[in-house]
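**Student:** Here you go, one structure.
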Amino acid sequence: MVDDLFSPHLSSPQPVYLDGLNSEQRLAVETTQGPLLILAGAGTGKTRVLTTRFAHILLEKLAWPEQVLAVTFTNKAAREMRERISGILNKPVEGLWLGTFHSLCARMLRQHAPRVGLERSFTILDTDDQMRLLKQVIEPWRLDLKRWPPAQIMHQIQLWKDRALLPEDITPAQDTDIANGQAQPIYKAYQARLKELNACDFGDLMLHMVTIFRQHPDVLAQYHQRFRYILVDEYQDTNSIQYLWLRLLAKRDDGAPANIACVGDDDQSIYSWRGADITNILRFEKDFPGAKIIRLEKNYRSTPRILRAASQIIAHNEDRLGKTLHPGLDQAEGDPIEVISTPDSDDEARVVGLTIQNLHNQGQNYKEIAILMRAGFQTRAFEEALMRMGIPYHIVGGLRFYERAEIRDAIAYMRTVLYPTDDLAFERIVNLPKRGFGNVALAKLRTAARQRGLSLQQTLQQQLEQKELKGKAANSLNAFMEAILLSRHIASTEGHVVATEKVLEESGYLTMWRDDPKTVEAAGRLDNIQELLRAIGEFPTMEAFLEHIALVMDTDNLQDDQNRVSLMTLHAAKGLEFPTVFLPGWEEGIFPSQRSLDEGGNQALEEERRLAYVGLTRARERAIILHAASRRIYANWQDSIPSRFIDELPSEQIIKREPARQSQRTGSFFNRRFQQHTPRMPSGRYSPKSPSARPPIPLGATIRHNRLGEGVVVSIEGERLSVNFEDVGLKQVMASFVEIIS
DNA sequence: TTCTAAAATATTTTT
DNA sequence: TATTTTAGAA
């Protein structure tokens with residue numbers, strides 16, 4: 001069965017699947033033994049090399065499919081890789097260890113959960129559950145939640161997990177910043193509570209596996225024996241624990257060189273704020289002695305002019321392994337990059353819309369065009385402009401299907417039906433819709449449950465049966481429990497889809513949305529729930545479905561073929577390409593973002609520059625950069641100067657354009673008049689509250705705040721002021737909320 | 001407990 | 001501007 005797969009290739013001098021690879025790509029595919037780092041610039045055929053290499057290992061019979069470990073960051077990348085491998089092998093492949101770090105860890109952990117005190121049936125919590133749990137855990141500490149927001153504590157815990165630190169690994173010195181130095185005991189309590197619930201959060205998937213590898217050499221040895229080859233995608237984005245996990249799996253006891261191949265591009269590392277550690281890629285040679293490095297520098301995507309511009313920008317960074325993109329296609333120079341400056345952000349959107357209209361009239365499809373911006377809020381202006389012009393568009397990214405409140409509610413209902421001991425799911429929906437069972441009642445139930453040693457749901461059921469509850473809440477809760485029990489019964493007779501439909505109906509959840517006054521929005525939510533029911537039907541059991549959504553947060557985007565313009569952030573655009581790319585908002589403070597610069601200094605600036613590089617290299621034929629002299633940010637106008645990145649572009653590759661003002665009809669009548677008739681320079685007339693209209697607040701000034709009273713400014717960080725108030729002491733306030741007295 | 005209105009606040013978000 | 005969080009009243 002396997003042989004018929006191999007024979008056609010064995011007989012030919014060069015396997016077909018190697019045709020069309022350039023010499024570097026070919027080397028990257030055929031260098032199978034020992035550690036290998038493939039530095040693959042944008043558009044150099046990274047995915048092709050990775051998949052071909054995988055297929056090559058199989059076809060050369062170097063390993064069986066289940067002996068290769070292939071790690072990606074996104075489900076999308078994993079899916080694509082799987083498809084392309086089957087494409088090369090010309091048959092579906094099964095039994096591959098190919099997936100995201102987290103899904104692979106989940107698969108392993110199902111096997112070895114008892115080694116860290118979990119049952120194999122552990123549940124994986126989503127972020128809402130995590131926060132709810134943490135909030136309960138920190139209660140005994142009686143922290144000032146204003147000063148120590150739970151989200152911040154969660155962040156700290158996650159940082160520790162990302163560095164593979166268990167509660168007992170944390171020294172007091174590492175635990176001073178957050179929650180009065182109580183973060184470590186909170187972390188410990190949180191982990192204990194997770195164990196009680198037989199649950200783990202996302203970070204735990206990796207943390208538990210690394211812990212098991214470290215504490216149980218027999219388990220690690222098992223995987224050493226299994227995996228003969230390891231492939232890693234997007235290596236520049238790995239964080240400490242992912243790196244550790246890889247190294248544990250790659251380094252064998254016998255000291256044999258690891259067959260680990262990592263593909264990455266240090267110039268496209270844009271997730272440091274998420275814990276990605278660029279030094280992982282910079283120190284690869286040190287960690288894996290004898291490592292070979294292959295650079296893929298032939299770009300098959302963009303015009304020479306775009307490549308030169310992108311190269312020139314990224315050359316301003318110092319922390320690089322260094323590589324240069326060369327045009328790999330035999331093609332003409334291409335158009336220069338356009339740099340368009342507009343008077344304000346409304347014009348910016350309009351110019352983009354008009355240009356798209358022109359391109360479309362010249363025959364370009366909408367789906368060949370993308371608008372890539374630094375931050376999500378920038379999309380709004382473009383949405384408005386495109387809608388007005390009747391240009392079809394869609395927003396990529398944004399809130400994902402399984403993150404919508406109604407979907408999470410419905411899932412919580414399903415979990416409540418399926419798992420009578422799932423307290424977190426139960427808490428989410430007991431009082432949704434309102435059943436007169438609020439926080440106070442819930443707290444009582446929690447105490448009762450603890451005394452009885454039962455779950456919340458079991459306790460409530462007992463109390464209802466024994467008529468321990470009274471009042472109108474008792475009635476609605478009775479109906480609620482009945483719906484749960486009925487659905488549980490139906491699940492075993494008529495299947496999980498009908499059961500789900502039934503709880504949502506009988507519990508009154510659907511009615512809640514039907515009666516919602518905001519009909520348009522509510523209708524959308526009901527549609528989403530229909531969509532959810534359809535998705536559930538594609539899985540054999542509810543458990544299978546829940547496992548799937550815990551790990552795969554995106555719904556398969558099947559609507560890719562629709563002809564419409566794509567709007568997304570630069571981050572979301574990584575890995576994609578479009579013939580025409582608009583890059584708006586290249587202004588100081590926006591891009592590079594002020595906040596990055598304030599917090600991360602030069603390192604952050606370099607990351608912003610890498611973002612610019614990512615943005616430019618998405619374009620195949622045409623890149624258009626825009627900046628506005630004045631931008632509406634939320635309520636008010638702010639003047640801005642062109643981004644330093646524009647100055648870093650090679651002047652011979654760009655052409656500057658300044659279209660005439662064309663704004664009309666935005667904002668109020670008065671705003672319009674001011675914009676058209678006020679001289680621009682001593683600006684800020686658009687709105688009296690605009691930051692530029694306000695005189696700058698000097699250090700030591702006395703100010704008044706509506707709520708906090710009068711005080712003295714003791715420090716200034718951009719818009720954020722530290723003020724010593726007469727009545728309430730030192731507080732942080734936004735500059736736009738104060739008024740200067742003296 | 002729930003409703004209401006005012007106040008705060010708003011990068012990027014692969015799992 | 002728009003959304004979410006909060007404090008206080010009903």
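Residue numbering restarts at 1 in every chain; chains get A, B, ... in the order shown in the structure tokens, and ligands count up from 1 in that same order.
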If we count only C-alpha atoms (C1' of nucleotides), what is near DA10 (chain C) at a cut-off of 12 Å, once residues fewer than 4 positions away on the same chain are taken out, given as a compact mmCIF listing (two decimals) with N, CA, C and O atoms (P, O5', C5', C4', C3', O3' and C1' of nucleotides), in the first residue's frame?

**Tutor:**
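Just written: out13.txt:
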# COMPACT_ATOMS: atom_id res chain seq x y z
P DT B 1 -29.10 38.28 44.68
O5' DT B 1 -30.13 38.94 43.68
C5' DT B 1 -31.15 39.76 44.22
C4' DT B 1 -31.93 40.25 43.03
C3' DT B 1 -31.16 40.33 41.71
O3' DT B 1 -32.06 40.02 40.65
C1' DT B 1 -31.76 42.50 42.41
P DT B 2 -31.67 39.97 39.12
O5' DT B 2 -32.12 41.40 38.59
C5' DT B 2 -33.41 41.89 38.96
C4' DT B 2 -33.53 43.32 38.49
C3' DT B 2 -32.92 43.59 37.11
O3' DT B 2 -33.84 44.40 36.41
C1' DT B 2 -32.08 45.13 38.64
P DC B 3 -33.77 44.59 34.83
O5' DC B 3 -33.84 46.18 34.75
C5' DC B 3 -34.77 46.88 35.59
C4' DC B 3 -34.29 48.31 35.78
C3' DC B 3 -33.82 48.98 34.48
O3' DC B 3 -34.55 50.19 34.35
C1' DC B 3 -32.22 49.29 36.21
P DT B 4 -34.44 51.04 33.04
O5' DT B 4 -33.35 52.12 33.47
C5' DT B 4 -33.65 53.00 34.55
C4' DT B 4 -32.49 53.95 34.72
C3' DT B 4 -31.97 54.51 33.39
O3' DT B 4 -32.07 55.92 33.45
C1' DT B 4 -30.19 53.67 34.73

**Student:** Could you write out as a PyMOL selection string the residues of chain A within 7 Å of chain B, counting only C-alpha atoms (C1' of nucleotides)?

**Tutor:** chain A and resi 73-74+102+375+436+438+551+571

**Student:** Compute the set of chain A residues within 10 Å of chain C, using only C-alpha atoms (C1' of nucleotides), and express it as a ChimeraX atom specification.

**Tutor:** /A:632-636

**Student:** As a VMD selection string, please: the residues near Ala479 (chain A) (cut-off 12 Å, only C-alpha atoms (C1' of nucleotides), same-chain neighbours under 5 positions excluded).

**Tutor:** chain A and resid 430 435 461 464 472 to 474 484 to 486 503 505 to 508

**Student:** Record the distance separating CA of Gly255 (chain A) and CA of Leu220 (chain A), expressed in Å with one decimal.

**Tutor:** 14.6 Å

**Student:** Go ahead and compute the interatomic distance for CA of Ser455 (chain A) and CA of Leu432 (chain A), in Å to one decimal.

**Tutor:**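 Computed distance, CA of Ser455 (chain A) to CA of Leu432 (chain A), equals 18.8 Å.
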
**Student:** Got a sec: who's within 10 Å of Ala604 (chain A), counting only C-alpha atoms (C1' of nucleotides), leaving out chain neighbours fewer than 3 positions off, as a compact mmCIF listing (two decimals) with all heavy atoms, in the first residue's frame?

**Tutor:**
# COMPACT_ATOMS: atom_id res chain seq x y z
N ILE A 270 6.71 40.04 14.73
CA ILE A 270 5.84 41.17 15.10
C ILE A 270 4.95 40.85 16.30
O ILE A 270 3.96 41.53 16.54
CB ILE A 270 4.95 41.59 13.92
CG1 ILE A 270 4.19 40.39 13.37
CG2 ILE A 270 5.78 42.24 12.82
CD1 ILE A 270 3.17 40.76 12.30
N SER A 272 6.18 40.29 19.65
CA SER A 272 6.93 40.28 20.90
C SER A 272 6.03 40.62 22.08
O SER A 272 6.19 40.12 23.18
CB SER A 272 8.09 41.26 20.83
OG SER A 272 7.58 42.57 20.94
N TRP A 273 5.03 41.46 21.83
CA TRP A 273 4.12 41.86 22.91
C TRP A 273 3.27 40.68 23.37
O TRP A 273 2.55 40.77 24.35
CB TRP A 273 3.23 43.01 22.44
CG TRP A 273 2.61 42.76 21.12
CD1 TRP A 273 3.17 42.98 19.90
CD2 TRP A 273 1.33 42.21 20.87
NE1 TRP A 273 2.31 42.60 18.92
CE2 TRP A 273 1.17 42.12 19.49
CE3 TRP A 273 0.29 41.78 21.69
CZ2 TRP A 273 0.03 41.62 18.88
CZ3 TRP A 273 -0.86 41.29 21.10
CH2 TRP A 273 -0.99 41.21 19.71
N PRO A 592 4.95 54.69 13.39
CA PRO A 592 4.98 53.87 14.60
C PRO A 592 4.01 54.38 15.68
O PRO A 592 3.82 55.58 15.81
CB PRO A 592 6.41 54.01 15.09
CG PRO A 592 6.88 55.32 14.55
CD PRO A 592 6.19 55.45 13.24
N SER A 593 3.47 53.44 16.41
CA SER A 593 2.49 53.80 17.43
C SER A 593 3.17 54.41 18.64
O SER A 593 4.22 53.95 19.09
CB SER A 593 1.69 52.58 17.83
OG SER A 593 1.88 52.27 19.18
N ARG A 595 2.32 54.50 21.68
CA ARG A 595 2.32 53.68 22.88
C ARG A 595 3.49 52.68 22.86
O ARG A 595 4.17 52.48 23.85
CB ARG A 595 1.00 52.93 22.97
CG ARG A 595 0.88 52.15 24.21
CD ARG A 595 -0.32 52.55 25.01
NE ARG A 595 -0.76 51.37 25.72
CZ ARG A 595 -1.98 50.96 25.79
NH1 ARG A 595 -2.92 51.63 25.17
NH2 ARG A 595 -2.30 49.89 26.46
N SER A 596 3.73 52.10 21.69
CA SER A 596 4.86 51.18 21.57
C SER A 596 6.16 51.89 21.93
O SER A 596 6.96 51.39 22.70
CB SER A 596 4.98 50.68 20.13
OG SER A 596 4.09 49.65 19.91
N LEU A 597 6.31 53.07 21.33
CA LEU A 597 7.53 53.81 21.54
C LEU A 597 7.72 54.16 23.02
O LEU A 597 8.81 54.04 23.57
CB LEU A 597 7.51 55.10 20.71
CG LEU A 597 8.18 55.01 19.33
CD1 LEU A 597 7.98 53.70 18.63
CD2 LEU A 597 7.74 56.16 18.45
N ASP A 598 6.64 54.59 23.66
CA ASP A 598 6.72 54.96 25.07
C ASP A 598 7.13 53.76 25.92
O ASP A 598 7.91 53.87 26.84
CB ASP A 598 5.36 55.47 25.56
CG ASP A 598 5.03 56.82 24.95
OD1 ASP A 598 5.95 57.41 24.35
OD2 ASP A 598 3.89 57.27 25.08
N GLU A 599 6.55 52.62 25.59
CA GLU A 599 6.76 51.47 26.47
C GLU A 599 7.99 50.67 26.12
O GLU A 599 8.64 50.11 27.00
CB GLU A 599 5.52 50.55 26.41
CG GLU A 599 4.34 51.12 27.16
CD GLU A 599 3.07 50.33 26.89
OE1 GLU A 599 3.15 49.26 26.28
OE2 GLU A 599 2.01 50.82 27.30
N GLY A 600 8.30 50.60 24.84
CA GLY A 600 9.34 49.64 24.46
C GLY A 600 10.60 50.24 23.87
O GLY A 600 11.51 49.51 23.50
N GLY A 601 10.66 51.56 23.76
CA GLY A 601 11.87 52.20 23.27
C GLY A 601 12.30 51.72 21.90
O GLY A 601 11.47 51.46 21.02
N GLU A 607 10.37 46.81 16.02
CA GLU A 607 9.25 45.93 15.72
C GLU A 607 8.21 46.63 14.84
O GLU A 607 7.64 46.04 13.93
CB GLU A 607 8.58 45.40 17.00
CG GLU A 607 7.42 44.46 16.71
CD GLU A 607 7.21 43.39 17.75
OE1 GLU A 607 8.20 42.87 18.30
OE2 GLU A 607 6.04 43.06 18.02
N GLU A 608 8.03 47.93 15.11
CA GLU A 608 7.12 48.70 14.26
C GLU A 608 7.66 48.71 12.82
O GLU A 608 6.91 48.61 11.86
CB GLU A 608 7.01 50.14 14.77
CG GLU A 608 6.35 50.27 16.14
CD GLU A 608 4.84 50.11 16.10
OE1 GLU A 608 4.19 50.80 15.31
OE2 GLU A 608 4.33 49.27 16.85
N ARG A 609 8.96 48.83 12.71
CA ARG A 609 9.57 48.86 11.39
C ARG A 609 9.39 47.52 10.69
O ARG A 609 9.14 47.46 9.49
CB ARG A 609 11.05 49.23 11.51
CG ARG A 609 11.64 49.66 10.18
CD ARG A 609 13.07 50.12 10.32
NE ARG A 609 13.19 51.51 10.77
CZ ARG A 609 13.78 51.88 11.90
NH1 ARG A 609 14.30 50.97 12.71
NH2 ARG A 609 13.86 53.15 12.23
N ARG A 610 9.47 46.46 11.46
CA ARG A 610 9.23 45.14 10.86
C ARG A 610 7.78 45.06 10.36
O ARG A 610 7.52 44.45 9.33
CB ARG A 610 9.50 44.03 11.88
CG ARG A 610 10.99 43.87 12.21
CD ARG A 610 11.28 42.57 12.94
NE ARG A 610 10.77 42.55 14.30
CZ ARG A 610 11.47 42.96 15.36
NH1 ARG A 610 12.69 43.42 15.22
NH2 ARG A 610 10.95 42.89 16.57

**Student:** Per DSSP on the backbone, filter region 81-137 of chain A down to the residues in strand (DSSP E or B) and report them as a list in words.

**Tutor:**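 The strand (DSSP E or B) residues within region 81-137 of chain A come out as Trp97, Leu98, Gly99, Thr100, Thr123 and Ile124 of chain A.
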
**Student:** Give me every helix (DSSP H, G or I) residue in region 509-668 of chain A, going by DSSP on the backbone, as a VMD selection string.

**Tutor:** chain A and resid 509 to 514 519 to 537 542 to 551 558 to 561 570 to 573 594 to 616 644 to 647 651 to 653

**Student:** Rounded to one decimal place, report the CA of Ala332 (chain A)-CA of Ser302 (chain A) distance in Å.

**Tutor:**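 It comes out at 10.6 Å.
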